[in-house]
>>> print(open('target19.csv').read())   # CSV, C-alpha atoms
chain,number,residue,atom,x,y,z
A,179,GLY,CA,-1.2,-15.7,-3.0
A,180,PHE,CA,0.6,-14.5,-6.0
A,181,ASN,CA,3.3,-13.0,-3.9
A,182,LEU,CA,3.8,-16.2,-1.9
A,183,LEU,CA,4.1,-18.1,-5.2
A,184,GLY,CA,6.7,-15.6,-6.4
A,185,TRP,CA,8.7,-16.0,-3.2
A,186,GLY,CA,8.6,-19.7,-3.6
A,187,VAL,CA,10.1,-19.5,-7.0
A,188,ASP,CA,12.8,-17.1,-5.8
A,189,LEU,CA,13.7,-19.4,-2.9
A,190,LYS,CA,13.8,-22.4,-5.2
A,191,MET,CA,16.1,-20.6,-7.6
A,192,SER,CA,18.4,-19.4,-4.9
A,193,ARG,CA,18.7,-22.9,-3.5
A,194,SER,CA,19.6,-24.4,-6.9
A,195,SER,CA,22.1,-21.7,-7.7
A,196,ALA,CA,23.7,-22.1,-4.3
A,197,SER,CA,24.1,-25.9,-4.8
A,198,ALA,CA,25.6,-25.2,-8.3
A,199,GLY,CA,27.8,-22.4,-7.1
A,200,TRP,CA,30.8,-24.7,-6.4
A,201,ASP,CA,30.8,-25.6,-10.1
A,202,ARG,CA,31.0,-22.1,-11.3
A,203,HIS,CA,34.2,-20.9,-9.6
A,204,ILE,CA,37.7,-22.4,-10.1
A,205,THR,CA,39.0,-21.0,-6.9
A,206,ILE,CA,36.2,-22.1,-4.4
A,207,PHE,CA,36.2,-25.4,-2.6
A,208,SER,CA,33.0,-27.3,-2.2
A,209,PRO,CA,32.0,-28.3,1.4
A,210,GLU,CA,33.6,-31.7,0.7
A,211,GLY,CA,36.9,-30.0,-0.2
A,212,ARG,CA,36.7,-30.5,-4.0
A,213,LEU,CA,37.5,-28.2,-6.8
A,214,TYR,CA,34.9,-29.2,-9.4
A,215,GLN,CA,36.3,-27.1,-12.3
A,216,VAL,CA,39.6,-28.9,-11.9
A,217,GLU,CA,37.8,-32.3,-11.9
A,218,TYR,CA,36.0,-31.3,-15.0
A,219,ALA,CA,39.3,-30.5,-16.7
A,220,PHE,CA,40.3,-34.2,-16.1
A,221,LYS,CA,37.0,-35.2,-17.7
A,222,ALA,CA,37.8,-33.0,-20.7
A,223,VAL,CA,41.1,-34.9,-21.2
A,224,ARG,CA,39.2,-38.2,-21.2
A,225,ALA,CA,36.3,-36.8,-23.3
A,226,ALA,CA,38.7,-35.9,-26.1
A,227,GLY,CA,38.5,-39.6,-26.9
A,228,SER,CA,42.1,-40.5,-27.5
A,229,THR,CA,44.4,-42.7,-25.4
A,230,THR,CA,48.1,-42.3,-24.7
A,231,VAL,CA,50.3,-45.1,-23.3
A,232,ALA,CA,54.0,-44.8,-22.3
A,233,VAL,CA,56.4,-47.5,-21.1
A,234,ARG,CA,60.0,-47.2,-19.7
A,235,GLY,CA,62.3,-50.1,-20.3
A,236,ALA,CA,65.9,-50.9,-19.3
A,237,ASP,CA,67.5,-48.5,-21.9
A,238,THR,CA,64.4,-47.3,-23.9
A,239,VAL,CA,61.4,-45.2,-23.3
A,240,CYS,CA,58.4,-45.1,-25.6
A,241,VAL,CA,55.2,-43.1,-25.8
A,242,ILE,CA,52.3,-44.0,-28.1
A,243,THR,CA,49.2,-42.0,-28.9
A,244,GLN,CA,46.2,-42.5,-31.2
A,245,LYS,CA,46.2,-40.4,-34.4
A,246,LYS,CA,42.6,-39.5,-35.1
A,247,VAL,CA,42.0,-37.6,-38.3
A,248,PRO,CA,38.6,-35.8,-37.9
A,249,ASP,CA,37.3,-36.2,-41.5
A,250,LYS,CA,38.4,-37.3,-44.9
A,251,LEU,CA,39.1,-33.8,-46.2
A,252,THR,CA,41.7,-33.2,-43.4
A,253,ASP,CA,45.4,-33.4,-44.3
A,254,ALA,CA,46.5,-36.2,-42.0
A,255,SER,CA,50.1,-34.9,-41.9
A,256,SER,CA,48.8,-31.8,-40.0
A,257,VAL,CA,47.1,-33.8,-37.3
A,258,THR,CA,49.4,-34.9,-34.4
A,259,SER,CA,49.4,-35.4,-30.7
A,260,MET,CA,53.2,-35.9,-30.5
A,261,PHE,CA,55.5,-33.0,-30.1
A,262,GLN,CA,59.3,-32.7,-30.0
A,263,ILE,CA,60.1,-30.3,-27.2
A,264,THR,CA,63.9,-30.4,-27.5
A,265,PRO,CA,66.1,-32.7,-29.6
A,266,ARG,CA,66.2,-35.1,-26.6
A,267,ILE,CA,62.7,-34.6,-25.1
A,268,GLY,CA,59.4,-35.7,-26.7
A,269,CYS,CA,55.9,-35.3,-25.5
A,270,GLY,CA,52.7,-37.3,-26.1
A,271,MET,CA,49.7,-35.0,-25.4
A,272,THR,CA,46.2,-35.9,-24.5
A,273,GLY,CA,43.1,-33.6,-24.4
A,274,LEU,CA,41.7,-30.6,-26.2
A,275,THR,CA,43.7,-29.8,-29.3
A,276,PRO,CA,44.0,-26.0,-28.8
A,277,ASP,CA,45.1,-26.6,-25.2
A,278,VAL,CA,47.5,-29.3,-26.3
A,279,ARG,CA,49.2,-27.0,-28.8
A,280,LEU,CA,49.5,-24.2,-26.2
A,281,GLN,CA,51.1,-26.6,-23.7
A,282,ALA,CA,53.6,-27.7,-26.4
A,283,SER,CA,54.5,-24.0,-27.1
A,284,ILE,CA,55.0,-23.3,-23.4
A,285,ALA,CA,57.1,-26.4,-22.9
A,286,ARG,CA,59.4,-25.4,-25.8
A,287,GLN,CA,59.7,-21.9,-24.5
A,288,LEU,CA,60.7,-23.1,-21.0
A,289,ALA,CA,63.2,-25.5,-22.5
A,290,VAL,CA,64.8,-22.8,-24.7
A,291,ASP,CA,64.9,-20.4,-21.8
A,292,HIS,CA,66.6,-23.0,-19.5
A,293,GLU,CA,69.3,-23.8,-22.0
A,294,TYR,CA,69.9,-20.1,-22.7
A,295,ASN,CA,70.2,-19.2,-19.0
A,296,PHE,CA,72.1,-22.2,-17.7
A,297,GLY,CA,74.0,-23.5,-20.7
A,298,TYR,CA,72.7,-27.1,-20.7
A,299,GLU,CA,69.5,-28.8,-21.9
A,300,ILE,CA,66.6,-29.0,-19.4
A,301,PRO,CA,66.2,-32.4,-17.7
A,302,VAL,CA,62.9,-34.2,-18.3
A,303,SER,CA,62.1,-34.1,-14.6
A,304,TYR,CA,62.6,-30.4,-14.3
A,305,LEU,CA,60.6,-29.6,-17.4
A,306,ALA,CA,57.7,-31.8,-15.9
A,307,LYS,CA,58.0,-29.8,-12.7
A,308,LYS,CA,57.9,-26.4,-14.5
A,309,MET,CA,54.9,-27.5,-16.6
A,310,ALA,CA,53.1,-28.8,-13.5
A,311,ASP,CA,53.8,-25.6,-11.6
A,312,ARG,CA,52.2,-23.6,-14.4
A,313,ALA,CA,49.2,-25.9,-14.5
A,314,GLN,CA,48.8,-25.5,-10.7
A,315,VAL,CA,48.7,-21.7,-11.0
A,316,PHE,CA,45.7,-22.1,-13.4
A,317,THR,CA,43.7,-23.7,-10.6
A,318,GLN,CA,44.0,-20.8,-8.2
A,319,HIS,CA,43.1,-17.7,-10.2
A,320,ALA,CA,39.5,-16.9,-11.1
A,321,TYR,CA,40.5,-15.2,-14.4
A,322,MET,CA,42.1,-18.5,-15.8
A,323,ARG,CA,40.7,-21.9,-16.4
A,324,PRO,CA,42.7,-25.1,-16.1
A,325,LEU,CA,44.0,-26.4,-19.4
A,326,GLY,CA,42.3,-29.6,-20.6
A,327,ALA,CA,45.5,-31.3,-21.5
A,328,ALA,CA,47.8,-33.9,-19.9
A,329,LEU,CA,51.4,-34.3,-20.9
A,330,THR,CA,53.5,-37.5,-21.1
A,331,LEU,CA,57.1,-36.4,-21.3
A,332,ILE,CA,59.9,-38.8,-22.3
A,333,GLY,CA,63.6,-38.5,-22.8
A,334,TYR,CA,67.0,-40.2,-22.2
A,335,ASP,CA,69.3,-38.9,-19.5
A,336,ASP,CA,73.0,-39.7,-19.8
A,337,GLU,CA,73.2,-40.2,-16.0
A,338,LEU,CA,69.7,-41.5,-15.1
A,339,GLY,CA,68.8,-43.5,-18.2
A,340,PRO,CA,65.3,-43.4,-19.8
A,341,GLN,CA,62.9,-40.9,-18.2
A,342,LEU,CA,59.1,-40.9,-18.2
A,343,PHE,CA,57.0,-38.2,-16.4
A,344,LYS,CA,53.4,-37.2,-16.6
A,345,THR,CA,51.7,-34.0,-15.6
A,346,ASP,CA,47.9,-33.3,-15.3
A,347,PRO,CA,45.6,-30.3,-15.3
A,348,ALA,CA,45.7,-30.1,-11.4
A,349,GLY,CA,49.5,-29.5,-11.5
A,350,TYR,CA,50.5,-32.9,-10.2
A,351,PHE,CA,53.5,-34.6,-11.7
A,352,VAL,CA,55.5,-37.8,-11.0
A,353,GLY,CA,57.8,-40.2,-12.7
A,354,TYR,CA,56.5,-43.6,-14.0
A,355,LYS,CA,57.7,-47.0,-15.1
A,356,ALA,CA,54.6,-47.0,-17.3
A,357,CYS,CA,51.4,-44.9,-17.5
A,358,ALA,CA,48.3,-44.3,-19.5
A,359,THR,CA,46.3,-41.1,-20.1
A,360,GLY,CA,42.9,-40.2,-21.6
A,361,ALA,CA,40.0,-42.4,-22.6
A,362,LYS,CA,40.2,-45.9,-21.0
A,363,ASP,CA,43.3,-44.9,-19.0
A,364,GLN,CA,42.2,-47.1,-16.0
A,365,GLU,CA,41.9,-50.2,-18.1
A,366,ALA,CA,45.3,-49.5,-19.6
A,367,THR,CA,46.8,-49.0,-16.2
A,368,ILE,CA,45.5,-52.3,-14.9
A,369,PHE,CA,46.9,-54.1,-18.0
A,370,LEU,CA,50.3,-52.5,-17.5
A,371,GLU,CA,50.4,-53.3,-13.8
A,372,LYS,CA,49.8,-57.0,-14.7
A,373,LYS,CA,52.5,-57.0,-17.4
A,374,LEU,CA,55.1,-55.2,-15.3
A,375,ARG,CA,54.6,-57.3,-12.1
A,376,GLY,CA,58.0,-58.3,-10.8
A,377,ASN,CA,59.8,-55.5,-12.6
A,378,PRO,CA,60.8,-57.4,-15.8
A,379,THR,CA,63.8,-56.0,-17.7
A,380,LEU,CA,62.4,-54.8,-21.1
A,381,SER,CA,64.6,-54.5,-24.2
A,382,GLY,CA,63.9,-51.7,-26.7
A,383,ASP,CA,61.7,-53.8,-28.9
A,384,GLU,CA,59.8,-55.3,-25.9
A,385,THR,CA,59.2,-51.7,-24.6
A,386,ILE,CA,57.6,-50.6,-27.8
A,387,GLN,CA,55.7,-53.8,-28.3
A,388,LEU,CA,54.2,-53.6,-24.7
A,389,ALA,CA,53.0,-50.0,-25.4
A,390,ILE,CA,51.3,-51.0,-28.7
A,391,ASN,CA,49.8,-54.2,-27.2
A,392,THR,CA,48.4,-52.2,-24.3
A,393,LEU,CA,46.7,-49.7,-26.6
A,394,GLN,CA,45.3,-52.4,-28.8
A,395,THR,CA,44.0,-54.4,-25.9
A,396,VAL,CA,42.1,-51.6,-24.2
A,397,LEU,CA,40.7,-50.3,-27.5
A,398,ASN,CA,39.9,-53.9,-28.5
A,399,ALA,CA,41.1,-53.2,-32.1
A,400,ASP,CA,43.9,-54.0,-34.4
A,401,LEU,CA,45.4,-50.6,-35.0
A,402,LYS,CA,46.9,-49.7,-38.4
A,403,ALA,CA,50.2,-47.9,-38.6
A,404,THR,CA,48.5,-44.8,-39.8
A,405,GLU,CA,46.2,-44.8,-36.7
A,406,ILE,CA,49.0,-44.4,-34.1
A,407,GLU,CA,52.1,-42.3,-33.4
A,408,VAL,CA,55.0,-43.8,-31.6
A,409,GLY,CA,57.8,-41.6,-30.1
A,410,VAL,CA,61.0,-43.3,-28.8
A,411,CYS,CA,64.2,-42.3,-26.9
A,412,SER,CA,66.9,-44.9,-26.2
A,413,LYS,CA,70.5,-45.3,-25.1
A,414,SER,CA,71.7,-46.0,-28.6
A,415,GLN,CA,69.6,-43.2,-30.1
A,416,PRO,CA,69.0,-40.6,-27.3
A,417,LEU,CA,67.4,-38.1,-29.7
A,418,PHE,CA,63.6,-38.1,-29.7
A,419,ARG,CA,62.3,-39.7,-32.9
A,420,LEU,CA,58.9,-40.7,-34.3
A,421,LEU,CA,58.7,-44.2,-35.8
A,422,SER,CA,57.8,-44.1,-39.5
A,423,VAL,CA,54.6,-45.7,-40.8
A,424,SER,CA,56.6,-48.2,-42.7
>>> encode(input="target19.csv", output="structure tokens")
Amino acid sequence: GFNLLGWGVDLKMSRSSASAGWDRHITIFSPEGRLYQVEYAFKAVRAAGSTTVAVRGADTVCVITQKKVPDKLTDASSVTSMFQITPRIGCGMTGLTPDVRLQASIARQLAVDHEYNFGYEIPVSYLAKKMADRAQVFTQHAYMRPLGAALTLIGYDDELGPQLFKTDPAGYFVGYKACATGAKDQEATIFLEKKLRGNPTLSGDETIQLAINTLQTVLNADLKATEIEVGVCSKSQPLFRLLSVS
């Protein structure tokens, strides 16, 4: 009787471990064709608790992120989710802070290498592709984990105008008219779809205002200037710049 009980416990454990096995390996598909660890990386981006919104207008592109200072003793100037990749390309990051910083360093290295090798600054679309390619590699090797960070890249191209691209932990990237990432991203996307129905032509101020309004609406709060970071590139000022608190 004792032996049978022991076997029952073993069988139960083996069944539970088998059902959980798809969670434990990045490189193994579940029977439904899903990669759970990659899906969990998307959840990590949302679980970080901040929201990023970006909008592309006629001659301006804007990205806005929440600035969350963890506690009162933290130096607020050292907390950021906005990174300058090159003089003309900026990036709003969403996700786990250490992964976000690594992604920013990788993007800067890729941009510098491209300019050194080819003699001209990397286009936003190509940088997004290179970053997405790296993220995809992280989903197919067992000795890596996907990075819990999503990138929203903006820049102004002399030939193509304002550029907005987003990459995710799975290695997918695409250009956008407007997009949202992180917590409450679906609510923000629905709000943006309503506002951009009919493809309105947005001026520079309207582009920035729409991004701020979207963030305030989905968070249901009046945001102070110290609680957000706004990055902008435009035809008149193609260099990436952060708007000051004032």
>>> residues_around(input="target19.csv", residues="Leu338 of chain A", least_positions_apart="4", cutoff="12 Å", atoms="all atoms listed in the file", output="count of residues only")
11
>>> closest_residue(input="target19.csv", among="A:Tyr321, A:Phe369, A:Phe343, A:Phe351", to="Cys240 of chain A", atoms="all atoms listed in the file")
A:Phe343
>>> residues_near_point(input="target19.csv", point="(60.3, -41.8, -33.4)", cutoff="12 Å", atoms="all atoms listed in the file", output="VMD selection string")
chain A and resid 238 to 243 260 to 262 265 to 270 332 to 333 386 406 to 412 415 to 424
>>> atom_distance(input="target19.csv", atom1="atom CA of Gln215 of chain A", atom2="atom CA of Asp201 of chain A")
6.1 Å
>>> residues_around(input="target19.csv", residues="segment 226-234 of chain A", least_positions_apart="2", cutoff="6 Å", atoms="all atoms listed in the file", output="list in words")
Val223, Arg224, Val239, Cys240, Val241, Ile242, Thr243, Gln244, Gly273, Lys355, Ala356, Cys357, Ala358, Thr359, Gly360, Ala361 and Ala389 of chain A
>>> residues_around(input="target19.csv", residues="segment 305-311 of chain A", least_positions_apart="6", cutoff="7 Å", atoms="all atoms listed in the file", output="PyMOL selection string")
chain A and resi 285+343-345+349-351
>>> closest_residue(input="target19.csv", among="A:Leu388, A:Gly339, A:Ile263, A:Arg212", to="Lys372 of chain A", atoms="only C-alpha atoms")
A:Leu388
>>> closest_residue(input="target19.csv", among="A:Glu293, A:Lys221, A:Ala328, A:His319", to="Ser259 of chain A", atoms="only C-alpha atoms")
A:Ala328
>>> atom_distance(input="target19.csv", atom1="atom CA of Ala219 of chain A", atom2="atom CA of Ala327 of chain A")
7.9 Å
>>> atom_distance(input="target19.csv", atom1="atom CA of Gly353 of chain A", atom2="atom CA of Pro324 of chain A")
21.6 Å
>>> closest_residue(input="target19.csv", among="A:Arg286, A:Arg312, A:His292, A:Lys246", to="Leu325 of chain A", atoms="only C-alpha atoms")
A:Arg312
>>> closest_residue(input="target19.csv", among="A:Ile206, A:Gly235, A:Pro340, A:Thr258", to="Pro276 of chain A", atoms="only C-alpha atoms")
A:Thr258
>>> closest_residue(input="target19.csv", among="A:Glu210, A:Leu370, A:Leu329, A:Asn377", to="Thr272 of chain A", atoms="all atoms listed in the file")
A:Leu329
